[in-house]
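Take a look at the structure below.
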Amino acid sequence: MSAQTPITQDVLTIPRKLPEGPVNLVGLTRPAMAEALRAVGTPEKQIKMRVNQIWQWVYHWGVRDFDLMTNLAKEFRTKLSENFVISLPEIVSKQVSSDGTRKYLVRIAGGHEVEVVYIPEEDRGTLCISSQVGCTLTCSFCHTGTQKLVRNLTAGEIVGQIMLARDDLGEWPEQGAPKNETRLLSNIVLMGMGEPLYNFDNVRDGMKIAMDPEGISLSRRRITLSTSGVVPEIAKTAQEIGCLLAVSFHATTDEVRDRLVPINKRWNIETLLGALRDYPKVSNSERITFEYVMLKGVNDSDEDAHRLVELIQGIPAKINLIPFNEWPGAPYQRSSGNRIHAFADIIYKAGYASPIRTPRGEDIMAACGQLKSATERARKSRAQIAAETGQG
């Protein structure tokens with residue numbers, strides 16, 4: 001990768017042509033849903049109650065049919081069905097890894113596709129969701145980063161990924177059944193395709209819906225947003241979302257990070273760490289997670305480990321060490337097991353948790369840095385994409 005590599009790809013983000021017809025209620029915040037109901041003539045004194053009722057049906061019970069919302073008057077249900085839909089992205093295909101990991105290829109409006117990954121573990125079930133079709137960044141070790149950005153996902157498409165995974169897991173509560181607190185889908189990570197902080201408003205709205213206690217009801221401590229370091233949005237994330245934060249760090253010098261994570265040319269390590277020092281205090285989060293992919297002969301020396309410890313001093317942190325997940329044409333190799341363990345040991349002895357992530361779903365290309373949807377892998381032309389989004 002040359003020194004002239006752009007910080008972000010010089011691509012056009014094609015504006016999405018909004019579908020005509022009924023408004024999709026999925027993805028509307030409570031105030032937006034109230035406004036939508038007001039616009040179709042719902043009496044003002046009923047709006048708050050109606051929002052609460054619809055919200056519970058959609059996000060707690062997982063109901064998609066207005067006729068099943070039995071505590072709403074028949075006349076009101078008819079009005080809803082004439083003006084609104086409850087619509088999710090479509091699962092095109094599902095692959096299940098030998099380790100139980102599920103990878104969904106999901107189609108959104110405009111015919112574009114993103115990938116969503118569910119990772120079951122003994123004490124949790126984590127869903128890795130996408131925030132963009134493609135990615136604005138050009139991180140050289142990441143397969144997703146080789147796919148150009150097409151567009152941002154809407155809040156409905158973001159929260160819709162959680163809902164369709166709950167569909168597949170059969171996790172919506174059953175009316176009349178005893179309450180079951182066991183959650184198959186207990187955690188969300190915004191680590192799929194895209195840079196979440198380049199789609200801040202939609203990510204924030206989607207996560208506010210996911211955290212709402214009357215619906216999906218995920219604690220903000222069960223949601224982790226992973227960023228490559230979009231510094232101006234980090235403080236906003238603390239104030240407006242308050243979830244846990246993970247940072248794709250991957251290097252201990254600006255020279256190496258410029259190459260691995262080119263956004264570093266805009267906001268270097270010192271600037272990024274300055275923003276991260278304040279995050280736990282503002283968001284009331286326990287600590288920052290530093291994601292560090294282990295690349296043979298690039299960032300995995302003892303010197304790197306000691307530098308990393310020095311850099312993060314004073315930040316409540318844990319360091320996730322990620323064995324590089326190789327993909328066809330990748331310019332790097334995974335560090336050896338011995339090298340990774342030696343690196344982890346230096347960090348651990350300095351007082352930081354340094355878990356080595358066990359690669360999951362490698363056999364179905366669902367591991368970290370491997371996501372790249374089948375549609376875009378076929379290298380669609382700009383004209384084809386424009387035609388699909390109604391811009392052609």
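Starting from 1 in every chain, residues are counted up; chains themselves are A, B, ... following the order of the structure tokens, and ligands are numbered from 1 as listed.
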
When DSSP is applied to the backbone of this structure, which of stretch 219-380 of chain A are assigned helix (DSSP H, G or I)? Write them out as a PyMOL selection string.
chain A and resi 220-222+231-240+254-260+262-265+269-283+302-311+337-349+362-364+374-377

Strand (DSSP E or B) per DSSP on the backbone: members of stretch 204-339 of chain A, as a VMD selection string
chain A and resid 223 to 227 244 to 248 288 to 295 317 to 323 334

Quick one: write out the picked residues with C-alpha atoms as a tab-separated table (two decimals), in the first residue's frame?
chain	number	residue	atom	x	y	z
A	223	ILE	CA	-24.17	-3.24	22.97
A	224	THR	CA	-20.66	-2.58	21.68
A	225	LEU	CA	-19.97	-0.15	18.87
A	226	SER	CA	-16.69	-0.67	17.03
A	227	THR	CA	-15.06	2.30	15.31
A	244	LEU	CA	-19.66	0.19	25.19
A	245	LEU	CA	-16.96	1.25	22.74
A	246	ALA	CA	-14.41	-0.83	20.87
A	247	VAL	CA	-11.66	0.72	18.77
A	248	SER	CA	-9.92	-0.91	15.81
A	288	ILE	CA	-12.70	0.72	26.25
A	289	THR	CA	-11.94	-2.41	24.24
A	290	PHE	CA	-8.91	-2.09	21.98
A	291	GLU	CA	-9.16	-4.47	19.01
A	292	TYR	CA	-5.72	-5.54	17.80
A	293	VAL	CA	-5.38	-7.87	14.83
A	294	MET	CA	-2.15	-9.89	14.94
A	295	LEU	CA	-0.21	-9.61	11.67
A	317	ALA	CA	-9.18	-0.86	28.93
A	318	LYS	CA	-8.97	-4.42	27.77
A	319	ILE	CA	-7.10	-5.52	24.66
A	320	ASN	CA	-8.74	-8.08	22.37
A	321	LEU	CA	-6.03	-9.84	20.38
A	322	ILE	CA	-7.44	-11.11	17.09
A	323	PRO	CA	-5.55	-13.73	15.07
A	334	ARG	CA	-1.49	-14.52	10.81

A:Pro213 environment, 12 Å, only C-alpha atoms, sequence neighbours closer than 6 positions dropped, as number ranges by chain
A: 52, 55-56, 59-60, 207, 219-220

Within 6 Å of stretch 98-106 of chain A, counting only C-alpha atoms, which residues show up once you throw out same-chain ones fewer than 6 positions away? Write them as a PyMOL selection string, please.
chain A and resi 90-92+113-119+361

Taking into account only C-alpha atoms, which residue in the set A:Leu28, A:Ala344, A:Met69, A:Leu164 is nearest to A:Leu88?
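Under the stated criterion, the closest residue is A:Leu164.
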
Please determine, counting only C-alpha atoms, which residue among A:Gly274, A:Leu37, A:Ile54, A:Val133 has the shortest atom-to-atom distance to A:Thr70.
A:Ile54
